[in-house]
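Undergrad: Structure file query_33.cif, mmCIF, C-alpha atoms, is pasted below:
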```
data_target
#
loop_
_atom_site.label_atom_id
_atom_site.label_comp_id
_atom_site.auth_asym_id
_atom_site.auth_seq_id
_atom_site.Cartn_x
_atom_site.Cartn_y
_atom_site.Cartn_z
CA MET A 304 130.97 125.34 79.67
CA MET A 305 127.61 123.99 80.90
CA MET A 306 127.79 121.82 84.05
CA LYS A 307 125.13 119.43 85.36
CA SER A 308 124.05 118.92 88.95
CA VAL A 309 123.43 115.49 90.44
CA LEU A 310 119.70 115.24 89.59
CA SER A 311 119.72 117.07 86.26
CA ASP A 312 117.73 115.15 83.63
CA ILE A 313 116.04 112.93 86.24
CA LEU A 314 112.76 113.09 84.28
CA LEU A 315 114.30 112.94 80.81
CA THR A 316 112.87 110.13 78.68
CA PRO A 317 114.82 108.49 75.81
CA ASP A 318 112.46 109.86 73.17
CA LYS A 319 113.20 113.44 74.30
CA LEU A 320 117.01 113.23 74.36
CA LEU A 321 117.59 115.12 71.12
CA LEU A 322 114.91 117.75 71.80
CA HIS A 323 116.31 118.36 75.26
CA ARG A 324 119.89 118.66 74.01
CA GLU A 325 118.81 121.16 71.35
CA LEU A 326 116.84 123.15 73.93
CA LEU A 327 119.81 123.30 76.30
CA GLU A 328 121.99 124.58 73.47
CA GLU A 329 119.40 127.20 72.56
CA ILE A 330 119.21 128.33 76.18
CA GLY A 331 123.02 128.61 76.26
CA LYS A 332 122.98 130.86 73.20
CA PHE A 333 120.23 132.99 74.73
CA ILE A 334 122.23 133.42 77.93
CA THR A 335 125.34 134.42 75.99
CA GLN A 336 123.69 136.68 73.42
CA GLU A 337 120.74 138.19 75.28
CA ILE A 338 121.49 138.10 79.01
CA LEU A 339 125.26 138.50 79.29
CA ASN A 340 125.23 141.03 76.44
CA HIS A 341 122.21 142.93 77.75
CA PRO A 342 123.28 146.59 77.91
CA LEU A 343 121.95 146.93 81.46
CA LEU A 344 123.94 143.90 82.64
CA GLN A 345 127.20 144.55 80.84
CA GLU A 346 128.70 146.42 83.78
CA ASP A 347 128.21 143.45 86.11
CA ARG A 348 128.73 140.43 83.85
CA GLN A 349 132.01 139.59 85.63
CA ARG A 350 130.19 139.42 88.96
CA VAL A 351 127.45 136.90 88.21
CA SER A 352 126.74 133.20 87.71
CA ILE A 353 123.78 131.93 85.68
CA ILE A 354 121.89 128.66 86.14
CA LEU A 355 118.91 126.87 84.64
CA ASP A 356 116.53 125.13 87.01
CA GLY A 357 112.87 124.07 86.92
CA SER A 358 111.16 121.65 84.57
CA THR A 359 113.60 122.03 81.67
CA ALA A 360 116.55 121.18 83.93
CA LEU A 361 114.63 118.10 85.08
CA GLY A 362 114.42 116.94 81.48
CA VAL A 363 110.79 117.84 80.79
CA VAL A 364 110.30 118.95 77.19
CA ASP A 365 106.66 119.62 76.38
CA GLY A 366 104.27 122.46 75.70
CA GLN A 367 103.81 123.25 79.38
CA SER A 368 107.46 123.32 80.47
CA ASP A 369 109.02 126.75 80.60
CA VAL A 370 112.58 128.04 80.90
CA ASP A 371 113.59 129.11 84.42
CA ILE A 372 116.90 130.96 84.47
CA ILE A 373 118.41 132.38 87.65
CA ILE A 374 121.10 135.07 87.68
CA ILE A 375 123.08 135.06 90.92
CA CYS A 376 125.15 138.15 91.57
CA GLU A 377 127.58 139.53 94.10
CA ASP A 378 125.70 141.43 96.78
CA GLU A 379 127.11 144.82 95.83
CA SER A 380 125.79 144.43 92.27
CA TYR A 381 122.20 143.58 93.22
CA ASN A 382 120.88 147.08 93.88
CA SER A 383 122.65 148.64 90.90
CA ILE A 384 121.27 146.01 88.49
CA ASN A 385 117.76 146.44 89.89
CA HIS A 386 118.06 150.23 89.69
CA ARG A 387 119.11 150.19 86.04
CA PHE A 388 116.19 147.93 85.07
CA GLU A 389 113.77 150.09 87.08
CA GLU A 390 115.08 153.27 85.45
CA ALA A 391 114.58 151.67 82.03
CA GLY A 392 110.99 150.79 82.97
CA LEU A 393 111.60 147.08 82.53
CA ILE A 394 110.60 146.16 86.09
CA PRO A 395 108.36 148.05 88.53
CA GLU A 396 110.08 150.11 91.21
CA HIS A 397 110.91 148.29 94.45
CA SER A 398 109.83 144.96 93.01
CA SER A 399 111.62 141.66 92.66
CA PHE A 400 113.66 141.34 89.47
CA PHE A 401 111.63 139.25 87.03
CA MET A 402 112.09 139.34 83.26
CA ASP A 403 110.10 137.37 80.70
CA LEU A 404 112.01 135.66 77.91
CA ARG A 405 111.21 134.04 74.59
CA LEU A 406 113.67 131.81 72.76
CA PRO A 407 113.89 131.89 68.94
CA SER A 408 112.08 128.53 68.88
CA GLY A 409 109.11 130.16 70.64
CA LYS A 410 109.77 128.57 74.04
CA THR A 411 109.00 131.04 76.83
CA GLY A 412 110.10 131.50 80.42
CA HIS A 413 111.72 134.07 82.67
CA TYR A 414 114.91 135.02 84.46
CA THR A 415 115.28 136.33 87.98
CA LEU A 416 118.06 137.85 90.08
CA HIS A 417 119.33 136.72 93.50
CA LYS A 418 122.15 137.73 95.81
CA ILE A 419 124.89 135.16 96.37
CA SER A 420 124.67 135.75 100.15
CA ASP A 421 120.97 134.80 100.12
CA ILE A 422 121.77 131.55 98.30
CA LYS A 423 124.55 130.70 100.73
CA GLU A 424 122.31 131.45 103.71
CA ALA A 425 119.47 129.32 102.28
CA LEU A 426 121.78 126.36 101.69
CA MET A 427 123.42 126.70 105.09
CA SER A 428 120.03 126.77 106.83
CA GLY A 429 118.87 123.64 104.99
CA ASP A 430 116.27 125.40 102.85
CA MET A 431 114.68 122.62 100.79
CA GLU A 432 113.91 124.84 97.78
CA TRP A 433 117.54 125.80 97.30
CA LEU A 434 118.87 122.35 98.12
CA TRP A 435 116.58 121.12 95.34
CA ASN A 436 117.77 123.86 92.94
CA ALA A 437 121.37 122.94 93.72
CA SER A 438 120.55 119.31 92.92
CA VAL A 439 118.86 119.80 89.55
CA SER A 440 120.38 122.90 88.00
CA TYR A 441 122.52 123.32 84.93
CA ILE A 442 125.27 125.88 85.52
CA TYR A 443 125.93 127.85 82.35
CA TYR A 444 128.16 130.69 83.54
CA ASP A 445 130.03 130.49 86.81
CA LEU A 446 132.27 133.35 87.83
CA LEU A 447 131.01 133.04 91.42
CA GLU A 448 131.99 129.34 91.63
CA LEU A 449 128.49 128.02 92.25
CA LYS A 450 129.59 124.53 91.26
CA SER A 451 131.87 124.36 94.29
CA LEU A 452 129.19 125.88 96.53
CA PHE A 453 126.51 123.43 95.39
CA HIS A 454 128.86 120.46 95.75
CA SER A 455 129.44 121.32 99.40
CA TYR A 456 125.71 120.78 100.12
CA VAL A 457 124.66 118.17 97.54
CA PRO A 458 124.58 115.23 98.04
CA LEU A 459 122.91 116.18 101.30
CA GLN A 460 124.99 116.15 104.45
CA PRO A 461 124.02 113.25 106.78
CA GLU A 462 122.59 115.49 109.50
CA VAL A 463 120.51 117.50 107.00
CA LEU A 464 119.28 114.35 105.31
CA MET A 465 118.27 112.83 108.65
CA LYS A 466 116.42 116.02 109.59
CA PHE A 467 114.29 115.83 106.44
CA ARG A 468 113.64 112.12 106.89
CA LYS A 469 112.60 112.73 110.48
CA ASN A 470 110.36 115.71 109.65
CA SER A 471 108.51 113.96 106.83
CA TYR A 472 108.02 110.74 108.80
CA ILE A 473 106.74 112.56 111.90
CA GLN A 474 104.43 114.68 109.75
CA LEU A 475 103.09 111.51 108.13
CA ARG A 476 102.32 110.03 111.54
CA SER A 477 100.71 113.27 112.69
CA TYR A 478 98.39 113.40 109.68
CA ALA A 479 97.49 109.75 110.22
CA ARG A 480 96.59 110.40 113.86
CA SER A 481 94.52 113.45 112.86
CA LEU A 482 92.59 111.23 110.43
CA ASP A 483 91.10 109.12 113.23
CA ASN A 484 88.28 111.38 114.43
CA PRO A 485 87.11 112.55 110.95
CA VAL A 486 86.88 108.89 109.90
CA VAL A 487 84.70 108.01 112.89
CA ARG A 488 82.47 111.03 112.21
CA GLY A 489 82.45 110.66 108.43
CA ASP A 490 83.71 114.23 107.89
CA ALA A 491 84.47 114.06 104.18
CA PHE A 492 86.59 117.18 103.65
CA PRO A 493 89.00 116.60 106.58
CA ILE A 494 89.37 112.99 105.42
CA LEU A 495 90.18 114.19 101.89
CA PHE A 496 92.65 116.86 103.02
CA LEU A 497 94.47 114.54 105.41
CA ALA A 498 94.60 111.61 102.98
CA VAL A 499 96.28 113.77 100.34
CA SER A 500 98.68 115.23 102.93
CA LEU A 501 99.81 111.89 104.28
CA PHE A 502 100.34 110.60 100.72
CA LYS A 503 102.53 113.64 100.04
CA GLU A 504 104.61 113.11 103.19
CA ALA A 505 105.09 109.42 102.39
CA LEU A 506 106.53 110.40 98.98
CA ARG A 507 108.77 113.04 100.56
CA CYS A 508 110.04 110.54 103.09
CA ALA A 509 110.67 107.93 100.38
CA ILE A 510 112.75 110.38 98.32
CA THR A 511 114.85 111.44 101.32
CA ILE A 512 115.40 107.80 102.29
CA GLU A 513 117.07 107.48 98.88
CA GLY A 514 119.36 110.38 99.84
CA TYR A 515 117.84 113.18 97.75
CA PRO A 516 116.05 116.42 98.58
CA TYR A 517 112.40 116.30 97.60
CA PRO A 518 110.97 118.60 94.90
CA TYR A 519 108.04 120.98 94.72
CA ASP A 520 104.70 119.22 95.11
CA LYS A 521 103.99 119.14 91.38
CA TRP A 522 107.10 117.01 90.78
CA LEU A 523 106.75 114.66 93.78
CA VAL A 524 105.12 111.78 91.91
CA PRO A 525 107.33 111.75 88.77
CA VAL A 526 110.51 112.15 90.85
CA ALA A 527 109.41 109.44 93.29
CA GLN A 528 108.88 107.15 90.28
CA GLN A 529 112.62 107.40 89.61
CA THR A 530 113.55 105.99 93.03
CA VAL A 531 113.20 102.45 94.36
CA VAL A 532 111.47 103.42 97.61
CA GLY A 533 109.29 105.97 95.85
CA ARG A 534 108.03 103.33 93.45
CA LYS A 535 107.11 101.09 96.38
CA ILE A 536 105.02 103.90 97.91
CA LEU A 537 103.34 104.65 94.58
CA GLU A 538 102.56 101.00 94.02
CA CYS A 539 101.09 100.79 97.51
CA ALA A 540 98.92 103.83 96.71
CA GLY A 541 97.74 102.40 93.40
CA ASP A 542 94.11 102.45 94.51
CA PHE A 543 94.28 105.99 95.89
CA TRP A 544 92.21 107.49 93.08
CA SER A 545 89.55 104.82 93.39
CA TYR A 546 89.39 105.46 97.14
CA LEU A 547 88.72 109.14 96.43
CA ARG A 548 85.72 108.19 94.27
CA GLU A 549 84.20 105.69 96.67
CA ASP A 550 81.51 106.96 99.04
CA GLU A 551 82.51 104.38 101.66
CA SER A 552 85.93 106.06 101.99
CA PHE A 553 84.14 109.03 103.57
CA ALA A 554 81.38 107.26 105.52
CA PRO A 555 81.46 107.07 109.34
CA MET A 556 83.31 103.91 110.41
CA TYR A 557 85.81 102.39 112.79
CA GLN A 558 89.25 103.82 111.96
CA GLU A 559 90.89 100.52 111.08
CA ASP A 560 88.29 99.85 108.36
CA ASN A 561 88.95 103.04 106.40
CA ASN A 562 90.81 102.73 103.08
CA PHE A 563 93.08 105.70 103.75
CA VAL A 564 93.98 104.46 107.23
CA LYS A 565 94.90 101.08 105.74
CA MET A 566 96.95 102.81 103.03
CA GLU A 567 98.91 104.84 105.60
CA LYS A 568 99.75 101.68 107.54
CA GLN A 569 101.15 100.16 104.34
CA PHE A 570 103.18 103.34 103.71
CA ARG A 571 104.57 103.15 107.21
CA LYS A 572 105.50 99.48 106.88
CA ILE A 573 107.46 100.20 103.70
CA LEU A 574 109.24 103.21 105.18
CA LEU A 575 110.16 101.43 108.42
CA GLU A 576 111.57 98.49 106.49
CA GLU A 577 113.67 100.84 104.35
CA PHE A 578 114.93 102.76 107.38
CA ARG A 579 116.00 99.57 109.09
CA LEU A 580 117.67 98.24 105.96
CA ARG A 581 119.88 101.31 106.30
CA GLU A 582 120.41 100.65 110.01
CA ILE A 583 118.38 103.71 110.98
CA ASP A 584 116.58 103.01 114.23
CA GLU A 585 115.92 106.46 115.72
CA PRO A 586 113.56 106.99 118.68
CA TRP A 587 111.23 109.17 116.54
CA LEU A 588 110.36 106.13 114.43
CA ILE A 589 108.49 104.73 117.45
CA GLU A 590 107.63 107.60 119.82
CA TRP A 591 107.10 110.11 117.05
CA TRP A 592 104.71 112.33 119.06
CA LYS A 593 107.53 113.35 121.42
CA PHE A 594 109.31 115.10 118.55
CA LEU A 595 106.42 117.09 117.05
CA GLU A 596 107.64 120.45 118.32
CA GLU A 597 111.24 120.13 117.14
#
```
Written as structure tokens, how would this file's structure read?
TA:
Amino acid sequence: MMMKSVLSDILLTPDKLLLHRELLEEIGKFITQEILNHPLLQEDRQRVSIILDGSTALGVVDGQSDVDIIIICEDESYNSINHRFEEAGLIPEHSSFFMDLRLPSGKTGHYTLHKISDIKEALMSGDMEWLWNASVSYIYYDLLELKSLFHSYVPLQPEVLMKFRKNSYIQLRSYARSLDNPVVRGDAFPILFLAVSLFKEALRCAITIEGYPYPYDKWLVPVAQQTVVGRKILECAGDFWSYLREDESFAPMYQEDNNFVKMEKQFRKILLEEFRLREIDEPWLIEWWKFLEE
């Protein structure tokens, strides 16, 4: 039976409901008929769990979204599965397990193989990629009890959540400080790089303020749009694209007059207000530079 994680479907729009449901059903049939019944996996099918993550799990159904399936196996099965696929010439020797797939509908994607111990270690260490996967995945086949494992880490534990909030906020402040000298000099490329970076960190911070792990960069904006604080940051950055096209954004000037500097101050005001609404008043919100090396 397919099980959803807490952020599954976060980007699903009403007009795509039927298409998405049909795609999930097609993926389930593919997993049952093609993966679990694959002759080179038959020996280990009782020692694996299988999940769907990526854009399709998020609810994206378009020509660019692909199907990302992850097989998670017991450690002792990993080498034997890899060896059988290498012997059959389906993957190169000593490479990571990566198999292309094509659904009957024509939708393409891939499936990969991971050890359960690596997933546990990643989650325990607060690895954002796997915390995100645990938040958005569909679990199709679960003999390794991934549902229970994921639920022990998502929603994020308070100390992990605070660590991500702290890191993204301090990084935002650091990028803003680094912007000062390029603005005075009119160094266009450093201004561009730093403006994009501080925008990204503001979105990450907004998403973690809401209690969620943040996604890969390509999903930051659409995921932020689904959160209250994220929408405030995006609204504040509404002129970002026009700033990028304006020569005066990159001309030498006093820091406080620069569009990107002004934008960062607005980001910070929003984030500080949201932190304090949640009674978060940590020392790194003020003396952020003392915590850069942590």
Undergrad: Quote the spacing between CA of Phe553 (chain A) and CA of Leu495 (chain A) in Å to one decimal place.
TA: 8.1 Å
Undergrad: Could you tell me how far CA of Lys423 (chain A) lies from CA of Asp445 (chain A), in Å and to one decimal?
TA: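 Spanning CA of Lys423 (chain A) to CA of Asp445 (chain A) is a straight-line distance of 15.0 Å.
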Undergrad: Please evaluate the PyMOL selection byres ((chain A and resi 387) around 12) against the displayed coordinates and give the resulting residues as number ranges by chain.
TA: A: 341-347, 380-386, 388-397, 400
Undergrad: CA of Ile494 (chain A) and CA of Lys469 (chain A), how far apart in Å?
TA: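 CA of Ile494 (chain A) lies 23.8 Å from CA of Lys469 (chain A).
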Undergrad: Around region 406-409 of chain A, with edges along x, y and z and 6 Å added on all six sides, what centre and edge lengths do you get, in Å to one decimal, as AutoDock Vina command-line options?
TA:
```
--center_x 111.5 --center_y 130.2 --center_z 70.8 --size_x 16.8 --size_y 15.4 --size_z 15.9
```
Undergrad: Quick one: apply the PyMOL selection byres ((chain A and resi 540-542) around 10) to the file and drop the selected residues here as a ChimeraX atom specification.
TA: /A:502,534-539,543-547,562-563,566-567,569-570
Undergrad: Evaluate the PyMOL selection byres ((chain A and resi 512) around 8) on the structure here and hand back the selected residues as a ChimeraX atom specification.
TA: /A:468,508-511,513-515,532,577-578
Undergrad: Compare A:Leu404, A:Ile330, A:Val487, A:Val363 by their minimum atom-to-atom distance to Pro317 (chain A), counting all atoms listed in the file, and give me the closest one.
TA: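 Among the listed residues, the smallest separation from Pro317 (chain A) belongs to A:Val363.
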Undergrad: Taking 3 positions as the minimum chain separation for residues in the same chain, which residues sit within 8 Å of Ser438 (chain A) when counting only C-alpha atoms? Answer as a PyMOL selection string.
TA: chain A and resi 308-311+434-435+453+457-458+516
Undergrad: Under the rule that only C-alpha atoms are counted, which of A:Leu361, A:Val351, A:Leu588, A:Leu426 is the nearest residue to Gln474 (chain A)?
TA: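 Under the stated criterion, the closest residue is A:Leu588.
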Undergrad: Might you pull out every residue within 9 Å of Arg350 (chain A), with only C-alpha atoms counted and same-chain residues fewer than 6 positions away left off, and present them as a PyMOL selection string?
TA: chain A and resi 375-377+380+446-447
Undergrad: Taking all atoms listed in the file into account, which of A:His323, A:Trp592, A:Gln460, A:Ser398 comes nearest Met427 (chain A)?
TA: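 Among the listed residues, the smallest separation from Met427 (chain A) belongs to A:Gln460.
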Undergrad: Write out as a list in words which residues come within 12 Å of Arg405 (chain A) when counting only C-alpha atoms, dropping same-chain ones fewer than 6 positions away.
TA: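 Within the cut-off, the hits are Glu329, Ile330, Phe333, Ile334, Glu337, Ile338, Asp369, Val370, Asp371, Ile372, Thr411, Gly412, His413 and Tyr414 of chain A.
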Undergrad: Taking all atoms listed in the file into account, name the residue in A:Asp520, A:Glu432, A:Glu549, A:Asp560 that is nearest to Leu506 (chain A).
TA: A:Asp520
Undergrad: Using all atoms listed in the file, which protein or nucleic acid residues come within 12 Å of Lys319 (chain A)? Drop anything in the same chain fewer than 6 positions from it, and give the result as a PyMOL selection string.
TA: chain A and resi 312+325-326+359+361-365
Undergrad: Around (118.6, 127.0, 90.2), as given in the file, which residues come within 7 Å? Count all atoms listed in the file and list them as a CSV table (one decimal) with C-alpha atoms, in the frame of the given file.
TA:
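That gives us selection01.csv:
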```csv
chain,number,residue,atom,x,y,z
A,354,ILE,CA,121.9,128.7,86.1
A,355,LEU,CA,118.9,126.9,84.6
A,356,ASP,CA,116.5,125.1,87.0
A,373,ILE,CA,118.4,132.4,87.6
A,436,ASN,CA,117.8,123.9,92.9
A,437,ALA,CA,121.4,122.9,93.7
A,440,SER,CA,120.4,122.9,88.0
```
Undergrad: From the list A:Arg476, A:Glu585, A:Asp483, A:Phe492, which residue is nearest Lys572 (chain A) when using all atoms listed in the file?
TA: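 Selected residue with least distance to Lys572 (chain A): A:Arg476.
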Undergrad: Calculated over all atoms listed in the file, which of the candidates A:Lys410, A:His454, A:Lys418, A:Arg507 has the smallest distance to Leu574 (chain A)?
TA: A:Arg507
